[in-house]
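Engineer: Input structure: start.cif, which contains mmCIF, C-alpha atoms and all ligand atoms.
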data_target
loop_
_atom_site.label_atom_id
_atom_site.label_comp_id
_atom_site.auth_asym_id
_atom_site.auth_seq_id
_atom_site.Cartn_x
_atom_site.Cartn_y
_atom_site.Cartn_z
CA MET L 1 -24.07 -7.60 -8.65
CA ILE L 2 -20.53 -8.73 -9.11
CA LYS L 3 -17.96 -8.98 -6.35
CA VAL L 4 -14.29 -8.61 -7.20
CA SER L 5 -12.17 -10.84 -4.94
CA LYS L 6 -8.44 -10.33 -4.76
CA PHE L 7 -6.28 -12.92 -3.02
CA GLY L 8 -2.87 -11.74 -1.81
CA GLY L 9 0.39 -13.70 -1.89
CA SER L 10 -0.08 -15.54 1.42
CA SER L 11 -3.58 -16.63 0.31
CA VAL L 12 -2.21 -18.30 -2.82
CA SER L 13 1.18 -19.53 -1.63
CA ASP L 14 0.57 -23.29 -1.94
CA GLY L 15 -2.03 -26.00 -2.56
CA THR L 16 -3.50 -25.76 0.94
CA GLN L 17 -4.13 -22.05 0.46
CA PHE L 18 -5.61 -22.64 -3.01
CA LYS L 19 -8.15 -25.00 -1.40
CA LYS L 20 -9.21 -22.28 1.04
CA VAL L 21 -9.60 -19.87 -1.86
CA LYS L 22 -11.80 -22.32 -3.77
CA LYS L 23 -14.06 -22.79 -0.76
CA ILE L 24 -14.44 -19.04 -0.36
CA VAL L 25 -15.07 -18.39 -4.05
CA PHE L 26 -17.62 -21.18 -4.37
CA GLU L 27 -19.57 -20.00 -1.34
CA ASP L 28 -20.85 -16.96 -3.20
CA ASN L 29 -21.93 -17.04 -6.81
CA ASN L 30 -21.30 -13.29 -7.13
CA ARG L 31 -17.55 -13.80 -6.86
CA LYS L 32 -17.01 -13.66 -10.59
CA LEU L 33 -13.78 -11.75 -11.00
CA ILE L 34 -10.82 -13.18 -9.10
CA VAL L 35 -7.47 -11.39 -8.95
CA VAL L 36 -4.43 -13.28 -7.70
CA SER L 37 -0.96 -12.33 -6.54
CA ALA L 38 2.17 -14.42 -7.09
CA PRO L 39 2.75 -17.09 -4.42
CA GLY L 40 3.86 -15.42 -1.18
CA LYS L 41 5.75 -16.94 1.73
CA THR L 42 4.57 -20.31 3.00
CA ALA L 43 6.55 -19.84 6.23
CA ILE L 44 8.37 -16.92 7.88
CA ASP L 45 11.76 -17.99 6.47
CA ASP L 46 10.37 -18.68 3.00
CA ASN L 47 10.63 -16.34 -0.01
CA LYS L 48 8.00 -14.52 -2.01
CA VAL L 49 8.09 -15.59 -5.64
CA THR L 50 8.10 -11.92 -6.71
CA ASP L 51 11.28 -11.31 -4.67
CA LEU L 52 12.89 -14.37 -6.27
CA LEU L 53 11.98 -13.10 -9.73
CA TYR L 54 13.62 -9.73 -9.02
CA LEU L 55 16.68 -11.62 -7.82
CA LEU L 56 16.66 -13.82 -10.92
CA HIS L 57 16.64 -10.73 -13.11
CA ALA L 58 19.63 -9.28 -11.25
CA HIS L 59 21.55 -12.55 -11.69
CA ILE L 60 20.86 -12.55 -15.43
CA LYS L 61 21.76 -8.89 -15.78
CA TYR L 62 25.12 -9.26 -14.04
CA GLY L 63 25.94 -12.58 -15.71
CA VAL L 64 25.83 -14.62 -12.49
CA ASP L 65 24.74 -18.27 -12.61
CA TYR L 66 21.00 -18.31 -12.01
CA GLU L 67 20.18 -22.01 -12.26
CA ASN L 68 19.36 -22.46 -8.53
CA ILE L 69 17.06 -19.48 -8.31
CA PHE L 70 15.28 -20.43 -11.51
CA LEU L 71 14.68 -23.93 -10.13
CA MET L 72 13.44 -22.56 -6.80
CA ILE L 73 10.78 -20.53 -8.63
CA GLN L 74 9.79 -23.40 -10.90
CA LYS L 75 9.44 -25.71 -7.89
CA ARG L 76 7.00 -23.35 -6.17
CA PHE L 77 4.60 -23.66 -9.10
CA LEU L 78 5.24 -27.38 -9.57
CA LYS L 79 4.34 -27.96 -5.93
CA ILE L 80 0.98 -26.20 -6.35
CA LYS L 81 0.27 -28.14 -9.54
CA GLU L 82 1.10 -31.47 -7.90
CA GLU L 83 -0.72 -30.78 -4.64
CA LEU L 84 -3.89 -30.06 -6.59
CA SER L 85 -3.35 -32.59 -9.43
CA LEU L 86 -3.63 -29.92 -12.11
CA THR L 87 -2.75 -30.45 -15.75
CA PHE L 88 -1.08 -27.10 -16.53
CA ASP L 89 2.37 -28.01 -17.86
CA VAL L 90 4.63 -26.06 -15.49
CA ASN L 91 7.81 -27.67 -16.82
CA LYS L 92 7.00 -26.76 -20.39
CA ALA L 93 6.11 -23.19 -19.39
CA PHE L 94 9.43 -22.84 -17.56
CA LEU L 95 11.36 -24.33 -20.45
CA GLU L 96 9.84 -21.68 -22.69
CA LEU L 97 10.62 -19.00 -20.13
CA LYS L 98 14.23 -20.20 -19.95
CA ASN L 99 14.57 -19.80 -23.71
CA GLU L 100 13.47 -16.19 -23.33
CA LEU L 101 16.09 -15.38 -20.70
CA ASN L 102 18.91 -13.21 -21.95
CA LYS L 103 20.67 -10.08 -20.75
CA ASN L 104 18.00 -7.84 -22.24
CA ILE L 105 14.92 -9.56 -20.88
CA SER L 106 12.61 -6.90 -19.52
CA LEU L 107 12.44 -6.78 -15.73
CA ASP L 108 8.70 -6.08 -15.83
CA TYR L 109 7.99 -9.04 -18.09
CA LEU L 110 10.06 -11.48 -16.02
CA VAL L 111 8.69 -10.34 -12.65
CA SER L 112 5.08 -10.40 -13.90
CA ARG L 113 5.40 -14.17 -14.54
CA GLY L 114 4.77 -14.77 -10.82
CA GLU L 115 1.20 -13.53 -11.08
CA TYR L 116 0.80 -14.91 -14.63
CA PHE L 117 1.58 -18.56 -13.80
CA ASN L 118 -0.33 -18.42 -10.53
CA ALA L 119 -3.44 -17.09 -12.25
CA LEU L 120 -3.18 -19.86 -14.87
CA LEU L 121 -3.05 -22.47 -12.10
CA MET L 122 -5.91 -20.82 -10.20
CA SER L 123 -8.10 -20.59 -13.29
CA GLU L 124 -7.71 -24.30 -13.94
CA TYR L 125 -8.39 -25.12 -10.29
CA LEU L 126 -11.53 -22.97 -10.10
CA GLU L 127 -12.54 -23.79 -13.67
CA PHE L 128 -12.85 -20.08 -14.38
CA VAL L 129 -11.57 -18.53 -17.62
CA PHE L 130 -8.04 -17.07 -17.49
CA VAL L 131 -7.79 -13.57 -18.93
CA ASP L 132 -4.32 -12.06 -19.12
CA SER L 133 -3.97 -8.60 -17.51
CA LYS L 134 -1.95 -7.48 -20.50
CA ASP L 135 -5.27 -7.55 -22.38
CA LEU L 136 -7.21 -5.77 -19.64
CA LEU L 137 -5.15 -3.19 -17.76
CA LYS L 138 -3.79 -0.74 -20.30
CA PHE L 139 -1.18 1.94 -19.77
CA LYS L 140 -0.47 4.94 -21.91
CA TYR L 141 3.16 5.39 -22.96
CA ASN L 142 3.60 8.00 -20.20
CA GLY L 143 2.93 5.27 -17.61
CA GLN L 144 -0.56 6.49 -16.69
CA ILE L 145 -3.43 4.03 -16.71
CA ASP L 146 -5.67 4.37 -19.74
CA GLU L 147 -8.86 4.37 -17.73
CA GLU L 148 -11.30 4.38 -20.60
CA GLU L 149 -9.70 1.50 -22.47
CA THR L 150 -9.14 -0.49 -19.27
CA ASN L 151 -12.79 -0.10 -18.26
CA ARG L 152 -13.91 -1.18 -21.69
CA LEU L 153 -11.68 -4.27 -21.71
CA PHE L 154 -12.72 -5.46 -18.25
CA GLN L 155 -16.40 -5.00 -19.15
CA GLN L 156 -15.89 -6.84 -22.42
CA ALA L 157 -14.16 -9.77 -20.67
CA LEU L 158 -17.06 -10.21 -18.28
CA ALA L 159 -19.58 -9.93 -21.09
CA LEU L 160 -17.78 -12.79 -22.85
CA HIS L 161 -17.14 -15.02 -19.83
CA GLU L 162 -19.19 -15.44 -16.70
CA LYS L 163 -16.30 -15.97 -14.29
CA ILE L 164 -12.68 -15.03 -14.78
CA VAL L 165 -9.28 -15.19 -13.06
CA VAL L 166 -6.93 -12.30 -13.67
CA PRO L 167 -3.27 -11.95 -12.64
CA GLY L 168 -2.61 -8.88 -10.47
CA PHE L 169 0.32 -6.45 -10.47
CA TYR L 170 0.75 -5.72 -14.19
CA GLY L 171 -0.78 -4.47 -17.39
CA SER L 172 0.58 -3.47 -20.77
CA TYR L 173 1.42 -0.52 -23.00
CA PRO L 174 -0.37 -0.04 -26.33
CA ASN L 175 2.40 -2.14 -27.99
CA GLN L 176 1.62 -4.98 -25.52
CA GLY L 177 4.91 -4.50 -23.61
CA ILE L 178 4.36 -5.54 -19.98
CA HIS L 179 4.38 -2.80 -17.34
CA LEU L 180 4.38 -3.50 -13.59
CA LEU L 181 2.48 -1.54 -10.97
CA SER L 182 4.38 -0.66 -7.79
CA ARG L 183 5.05 -3.35 -5.16
CA GLY L 184 1.87 -4.68 -3.60
CA GLY L 185 0.17 -3.64 -6.83
CA SER L 186 -2.27 -6.55 -7.08
CA ASP L 187 -4.38 -4.53 -4.63
CA LEU L 188 -4.52 -1.86 -7.30
CA THR L 189 -5.48 -4.35 -10.01
CA GLY L 190 -8.44 -5.30 -7.80
CA SER L 191 -9.45 -1.64 -7.38
CA ILE L 192 -9.11 -0.86 -11.06
CA ALA L 193 -11.14 -3.95 -11.98
CA SER L 194 -13.82 -3.03 -9.43
CA ARG L 195 -14.14 0.45 -10.86
CA ALA L 196 -14.20 -0.85 -14.42
CA ILE L 197 -17.17 -3.13 -13.85
CA ASN L 198 -18.78 -1.02 -11.10
CA ALA L 199 -18.54 -3.94 -8.67
CA ARG L 200 -20.84 -4.13 -5.66
CA ILE L 201 -17.87 -4.68 -3.39
CA TYR L 202 -14.12 -5.19 -3.64
CA GLU L 203 -13.04 -8.02 -1.37
CA ASN L 204 -9.38 -7.98 -0.44
CA TRP L 205 -8.46 -11.37 1.03
CA THR L 206 -5.28 -11.44 3.06
CA ASP L 207 -3.81 -13.12 6.17
CA VAL L 208 -5.20 -10.79 8.84
CA SER L 209 -8.81 -10.33 9.90
CA GLY L 210 -8.89 -6.63 9.11
CA ILE L 211 -7.06 -3.48 10.07
CA LEU L 212 -6.02 -2.98 13.68
CA MET L 213 -6.40 0.28 15.58
CA ALA L 214 -2.68 0.39 16.31
CA ASP L 215 0.48 -1.53 15.54
CA PRO L 216 0.35 -4.79 17.57
CA LYS L 217 4.13 -4.59 18.01
CA ILE L 218 3.51 -1.45 20.10
CA VAL L 219 0.04 -1.94 21.62
CA LYS L 220 -0.86 -5.33 23.06
CA ASN L 221 -3.91 -6.86 21.36
CA PRO L 222 -5.29 -3.72 19.77
CA ASN L 223 -8.93 -3.72 18.73
CA LYS L 224 -9.83 -4.28 15.14
CA ILE L 225 -11.34 -1.45 13.11
CA GLN L 226 -14.77 -2.57 11.95
CA GLU L 227 -15.55 0.34 9.68
CA ILE L 228 -13.33 3.10 8.36
CA THR L 229 -13.83 5.81 5.76
CA TYR L 230 -11.62 6.07 2.67
CA HIS L 231 -10.32 9.36 3.99
CA GLU L 232 -9.41 8.01 7.43
CA LEU L 233 -7.62 5.04 5.89
CA ARG L 234 -5.57 7.26 3.63
CA GLU L 235 -4.44 9.26 6.66
CA LEU L 236 -3.47 6.08 8.52
CA SER L 237 -1.73 4.53 5.50
CA TYR L 238 0.19 7.72 4.93
CA MET L 239 1.53 7.49 8.45
CA GLY L 240 2.68 3.93 8.09
CA ALA L 241 -0.31 1.61 8.65
CA ASN L 242 -0.06 -0.86 5.80
CA VAL L 243 -2.60 -3.51 5.04
CA LEU L 244 -3.64 -2.26 1.65
CA HIS L 245 -1.71 -0.44 -1.08
CA GLU L 246 -2.41 3.21 -0.28
CA ASP L 247 -3.46 4.05 -3.85
CA SER L 248 -6.15 1.35 -3.91
CA ILE L 249 -8.75 3.71 -2.54
CA LEU L 250 -8.54 6.34 -5.27
CA PRO L 251 -10.23 4.39 -8.09
CA LEU L 252 -13.15 3.47 -5.82
CA GLN L 253 -13.95 6.79 -4.20
CA ASP L 254 -16.18 8.29 -6.86
CA LEU L 255 -18.31 5.21 -7.33
CA ASP L 256 -18.38 4.60 -3.58
CA ILE L 257 -17.44 0.92 -3.93
CA PRO L 258 -16.64 -0.47 -0.47
CA ILE L 259 -13.48 -2.49 0.17
CA HIS L 260 -13.77 -5.40 2.53
CA ILE L 261 -10.53 -6.65 4.10
CA LEU L 262 -10.97 -10.33 4.92
CA ASN L 263 -8.85 -13.22 6.16
CA THR L 264 -8.47 -16.28 3.90
CA ASN L 265 -7.44 -18.30 6.96
CA ALA L 266 -10.48 -17.20 9.00
CA PRO L 267 -13.12 -16.37 6.42
CA ASP L 268 -15.97 -16.13 8.92
CA GLU L 269 -14.41 -13.24 10.81
CA ALA L 270 -16.02 -9.90 10.04
CA GLY L 271 -12.91 -8.07 8.75
CA THR L 272 -12.78 -4.34 8.11
CA LEU L 273 -15.10 -2.43 5.82
CA ILE L 274 -13.73 0.65 4.09
CA LYS L 275 -16.26 3.04 2.55
CA LYS L 276 -17.10 6.64 1.84
CA THR L 277 -19.18 7.32 4.94
CA CYS L 278 -19.48 5.42 8.17
CA ILE L 279 -22.21 6.02 10.70
CA ASP L 280 -20.84 4.09 13.65
CA GLN L 281 -20.10 6.57 16.43
CA THR L 282 -19.12 4.22 19.22
CA SER L 283 -15.43 4.99 19.07
CA ILE L 284 -13.98 8.51 19.25
CA ILE L 285 -10.85 7.52 17.44
CA THR L 286 -10.59 5.10 14.55
CA GLY L 287 -6.89 4.36 14.60
CA ILE L 288 -3.40 5.51 15.51
CA ALA L 289 -0.35 5.32 13.25
CA GLY L 290 3.03 6.94 13.26
CA LYS L 291 6.55 7.05 11.91
CA LYS L 292 9.91 7.81 13.41
CA ASP L 293 12.80 9.84 12.04
CA PHE L 294 11.67 13.28 11.01
CA THR L 295 13.81 16.42 11.02
CA VAL L 296 12.43 19.81 12.07
CA PHE L 297 13.89 23.08 10.77
CA THR L 298 12.62 25.96 12.89
CA ILE L 299 13.26 29.26 11.20
CA THR L 300 12.99 32.60 12.96
CA LYS L 301 12.68 35.75 10.92
CA ASN L 302 13.46 39.33 11.57
CA ASN L 303 10.50 41.09 13.33
CA SER L 304 9.88 43.47 10.49
CA ALA L 305 10.22 41.05 7.62
CA LYS L 306 7.16 39.91 5.70
CA LYS L 307 6.41 36.35 6.79
CA LEU L 308 4.85 35.21 3.55
CA LYS L 309 7.97 36.22 1.62
CA VAL L 310 10.32 34.44 4.03
CA VAL L 311 8.20 31.28 4.03
CA GLN L 312 8.09 31.35 0.25
CA ASP L 313 11.87 31.77 -0.02
CA VAL L 314 12.53 28.93 2.42
CA LEU L 315 10.09 26.58 0.72
CA SER L 316 11.68 27.21 -2.64
CA VAL L 317 14.96 25.95 -1.18
CA PHE L 318 13.26 22.71 -0.15
CA GLN L 319 11.81 22.47 -3.62
CA LYS L 320 15.22 23.07 -5.18
CA TYR L 321 16.64 20.09 -3.31
CA ASN L 322 13.56 17.97 -4.01
CA VAL L 323 12.65 17.53 -0.36
CA ASN L 324 9.00 16.79 0.44
CA ILE L 325 7.47 18.67 3.33
CA GLU L 326 5.16 16.95 5.80
CA HIS L 327 4.05 19.82 8.06
CA LEU L 328 4.51 23.53 8.37
CA PRO L 329 3.37 24.75 11.79
CA SER L 330 3.96 28.46 12.37
CA SER L 331 3.80 31.29 14.90
CA ILE L 332 4.25 35.08 14.52
CA ASP L 333 7.98 35.28 13.85
CA SER L 334 8.93 31.70 13.31
CA PHE L 335 7.79 28.61 11.48
CA SER L 336 8.92 25.02 11.31
CA VAL L 337 9.42 22.85 8.28
CA ILE L 338 9.11 19.16 9.05
CA CYS L 339 10.35 16.48 6.68
CA GLU L 340 11.44 12.88 6.72
CA ALA L 341 15.10 12.61 7.76
CA ILE L 342 15.85 10.27 4.86
CA GLN L 343 14.81 12.99 2.41
CA VAL L 344 17.36 15.50 3.69
CA GLU L 345 20.18 13.08 4.46
CA ASN L 346 22.20 13.73 1.32
CA VAL L 347 21.47 17.42 0.89
CA PHE L 348 21.50 18.55 4.51
CA PHE L 349 24.47 20.95 4.41
CA ASP L 350 23.59 22.41 1.01
CA LEU L 351 20.05 23.00 2.20
CA ILE L 352 21.12 24.78 5.39
CA GLY L 353 23.75 26.78 3.49
CA THR L 354 21.17 28.01 0.97
CA ILE L 355 18.57 28.84 3.63
CA ASN L 356 21.22 30.80 5.54
CA GLN L 357 21.68 33.05 2.54
CA ILE L 358 18.06 34.20 2.65
CA GLU L 359 17.71 37.74 3.88
CA ASP L 360 15.70 38.45 7.04
CA ILE L 361 16.36 35.11 8.69
CA THR L 362 17.81 35.54 12.13
CA HIS L 363 18.03 31.98 13.32
CA ILE L 364 17.67 28.35 12.21
CA GLU L 365 17.29 25.61 14.73
CA ILE L 366 17.46 21.96 13.74
CA GLU L 367 15.92 19.17 15.70
CA LYS L 368 16.53 15.62 14.60
CA ASP L 369 15.01 12.33 15.74
CA MET L 370 11.41 13.42 15.92
CA ALA L 371 8.52 10.99 15.50
CA LEU L 372 5.09 11.94 14.19
CA ILE L 373 1.95 10.23 15.42
CA SER L 374 -1.40 10.66 13.73
CA VAL L 375 -4.55 10.10 15.74
CA VAL L 376 -7.31 9.56 13.20
CA GLY L 377 -11.05 9.62 13.80
CA ARG L 378 -14.06 10.99 11.97
CA ASN L 379 -15.91 11.22 15.30
CA MET L 380 -13.34 13.57 16.85
CA SER L 381 -14.77 16.61 15.11
CA THR L 382 -18.16 16.32 16.79
CA ARG L 383 -16.83 16.05 20.32
CA PRO L 384 -15.18 18.88 22.24
CA GLY L 385 -12.13 18.42 24.43
CA ILE L 386 -10.42 15.68 22.44
CA ALA L 387 -7.16 17.57 21.94
CA GLY L 388 -7.14 18.56 25.62
CA LYS L 389 -7.59 14.96 26.69
CA LEU L 390 -4.84 13.83 24.34
CA PHE L 391 -2.31 16.38 25.58
CA GLY L 392 -3.32 15.85 29.22
CA HIS L 393 -2.64 12.12 29.03
CA LEU L 394 0.66 12.54 27.22
CA GLY L 395 1.75 15.12 29.79
CA LYS L 396 0.78 12.88 32.70
CA ASN L 397 2.95 10.17 31.20
CA ASN L 398 5.89 12.53 30.78
CA VAL L 399 5.76 12.59 27.01
CA ASN L 400 6.84 15.98 25.80
CA ILE L 401 4.97 17.21 22.71
CA ASN L 402 7.18 19.10 20.25
CA MET L 403 4.57 19.82 17.60
CA ILE L 404 0.81 19.71 17.11
CA ASP L 405 -1.07 19.90 13.85
CA GLN L 406 -4.78 19.41 13.32
CA SER L 407 -6.30 19.18 9.86
CA SER L 408 -9.10 21.62 9.10
CA GLN L 409 -11.63 18.82 8.73
CA GLU L 410 -10.58 17.66 12.21
CA ILE L 411 -10.23 14.12 10.99
CA ASN L 412 -6.80 13.77 12.55
CA ILE L 413 -4.48 15.31 15.10
CA VAL L 414 -0.76 14.93 14.50
CA VAL L 415 1.65 15.18 17.40
CA GLY L 416 5.42 15.30 17.18
CA VAL L 417 7.40 13.62 19.97
CA LYS L 418 11.00 12.48 20.42
CA ASN L 419 11.82 9.19 18.69
CA SER L 420 12.55 7.72 22.10
CA ASP L 421 9.00 8.55 23.29
CA PHE L 422 7.30 7.11 20.20
CA GLU L 423 6.09 3.77 21.55
CA LYS L 424 5.12 5.21 24.94
CA ALA L 425 3.12 7.98 23.27
CA ILE L 426 1.15 5.52 21.13
CA GLN L 427 0.44 3.28 24.12
CA THR L 428 -0.69 6.30 26.15
CA ILE L 429 -3.03 7.55 23.43
CA TYR L 430 -4.50 4.09 22.94
CA GLU L 431 -5.10 3.68 26.67
CA ALA L 432 -6.68 7.12 26.93
CA PHE L 433 -9.13 6.71 24.08
CA VAL L 434 -9.76 3.03 23.69
CA GLU L 435 -9.24 1.15 26.92
N1 LIG L 501 3.51 -9.94 -6.05
C1 LIG L 501 3.64 -8.51 -6.03
C2 LIG L 501 4.44 -8.06 -4.83
O1 LIG L 501 4.89 -8.89 -4.06
C3 LIG L 501 2.35 -7.79 -6.13
C4 LIG L 501 1.34 -8.13 -5.09
O2 LIG L 501 1.36 -9.22 -4.53
O3 LIG L 501 0.49 -7.29 -4.80
O4 LIG L 501 4.66 -6.89 -4.67
#
Output the file's structure in the form of structure tokens.
Structural biologist:
Amino acid sequence: MIKVSKFGGSSVSDGTQFKKVKKIVFEDNNRKLIVVSAPGKTAIDDNKVTDLLYLLHAHIKYGVDYENIFLMIQKRFLKIKEELSLTFDVNKAFLELKNELNKNISLDYLVSRGEYFNALLMSEYLEFVFVDSKDLLKFKYNGQIDEEETNRLFQQALALHEKIVVPGFYGSYPNQGIHLLSRGGSDLTGSIASRAINARIYENWTDVSGILMADPKIVKNPNKIQEITYHELRELSYMGANVLHEDSILPLQDLDIPIHILNTNAPDEAGTLIKKTCIDQTSIITGIAGKKDFTVFTITKNNSAKKLKVVQDVLSVFQKYNVNIEHLPSSIDSFSVICEAIQVENVFFDLIGTINQIEDITHIEIEKDMALISVVGRNMSTRPGIAGKLFGHLGKNNVNINMIDQSSQEINIVVGVKNSDFEKAIQTIYEAFVE
């Protein structure tokens, strides 16, 4: 059964990293479909090739001299070629690219060259066949992925060639015009490829040995998550934990293809396994994630007014101004609408003005600078007293809770605290449940 192995930017940033990739790929004969990103940073102060390509496009568009940037990009690929003594003619490829540069060059085409050239180099180095993603990942003209055609093309490619290297991050429209996925999209290419060929596993090779239970900038040396369900990971990603593109899970859910997050720099470490169901019950919580800067609108209605009607009227105002709502906790005569501050920034006064015109509203209270923290764990639902323990510990540490929300499947509890209490709250929760 085939394994799809995707190597992220830091895993393919230079010749040294390419060597690590080769060792990994050659260790397992099932690694037959390799997806690569564009070269990432080789050091903290270095640039990602994709960022440079975006910059190059801006220079061309605004008529600014782009020679230096163009050379910087070319040199990144030349360095890989030379370090590995490859034959691919980088200079010729860049000369051709230069001839294509003009004010109307498509952003998607230009930016996709990062993955394209890197996959060409990797295919030569591994001696696997290069197959261009423009001939595999197909989009409809409305921007949606043409799943049927994409599946067919990936299957066909593997029927024709035993082992292939595919550039991540882009595909093409029916007329072959290149279309990019969103940033970090090579993760998605890996998922889509895995679904297409019904892979046994989707390996996502990166520069960390898996997903941590909490942000290491907030919690010192947090434990690694060994196993996590698709659903739990989506909750954590939604609240800011980012190791994997959050849409990568969707294509794999139905076929129950596990994703294995692994470290190219420490390939023997176990990593994190993401799958439909996990049976490990040793930990009550699986992870903690959170985000700062939410705004809470607490709306109080007239005693006699119908709540459903008032809620409906208020929500339609949020819809009118295109503001996404995160939570909607409510009590008898009041309810709160919680949204990201950035979403309301530009429409704040219009929004309040329009809500104020709704009949039967007696009071609106606004609270800014709230942080939301999501405590995620499939094992929480089977054990009583979790919420009590959580609130008890936060209280003991003087963290005031402004909002609580628990999903019906009890997979997560969301608490709202002041921005200034954010880090302390996460540390307290981690200590209470993990240490
Ligand atoms: N190179 C692209 C980016 O930096 C896509 C990827 O690496 O996933 O966003």
Engineer: Using only C-alpha atoms, can you tell me which of L:Gln155, L:Gln319, L:Ser37, L:Thr300 comes closest to Ser112 in chain L?
Structural biologist: L:Ser37
Engineer: Quick one: of L:Ala159, L:Tyr170, L:Gln74, L:Val64, who's nearest to ligand LIG 501 (chain L), counting only C-alpha atoms and all ligand atoms?
Structural biologist: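 Using only C-alpha atoms and all ligand atoms, the shortest distance to ligand LIG 501 (chain L) belongs to L:Tyr170.
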Engineer: Could you check which of L:Leu95, L:Leu84, L:Val243, L:Ala199 is closest to ligand LIG 501 (chain L), using all atoms listed in the file?
Structural biologist: L:Val243
Engineer: Give the residues close to ligand LIG 501 (chain L), within 12 Å, counting all atoms listed in the file; write them as a ChimeraX atom specification.
Structural biologist: /L:6-13,35-41,47-54,108,111-119,167-170,180-191,204-206,243-246,248
Engineer: Restricting the calculation to only C-alpha atoms: of L:Glu148, L:Asp207, L:Glu232, L:Asp89, which residue gets closest to Ala193 in chain L?
Structural biologist: L:Glu148
Engineer: Would you mind telling me which residue in L:Gln226, L:Asn265, L:Ser172, L:Gln144 lies nearest to Ile24 in chain L when using only C-alpha atoms?
Structural biologist: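 Looking only at the distances to Ile24 in chain L, the closest residue turns out to be L:Asn265.
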Engineer: May I ask for the distance between CA of Lys138 in chain L and CA of Tyr109 in chain L, given in Å to one decimal place?
Structural biologist: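 Distance reported for this atom pair: 14.6 Å.
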Engineer: Using only C-alpha atoms, tabulate the residues of range 95-210 of chain L lying at most 10 Å from any atom of range 273-282 of chain L, each with its closest atom pair and that distance in Å to one decimal, by chain and increasing residue number, as CSV.
Structural biologist:
residue,atom,partner,partner_atom,distance
L:Ile201,CA,L:Lys275,CA,9.9
L:Tyr202,CA,L:Ile274,CA,9.7
L:Glu203,CA,L:Leu273,CA,9.3
L:Gly210,CA,L:Leu273,CA,8.2
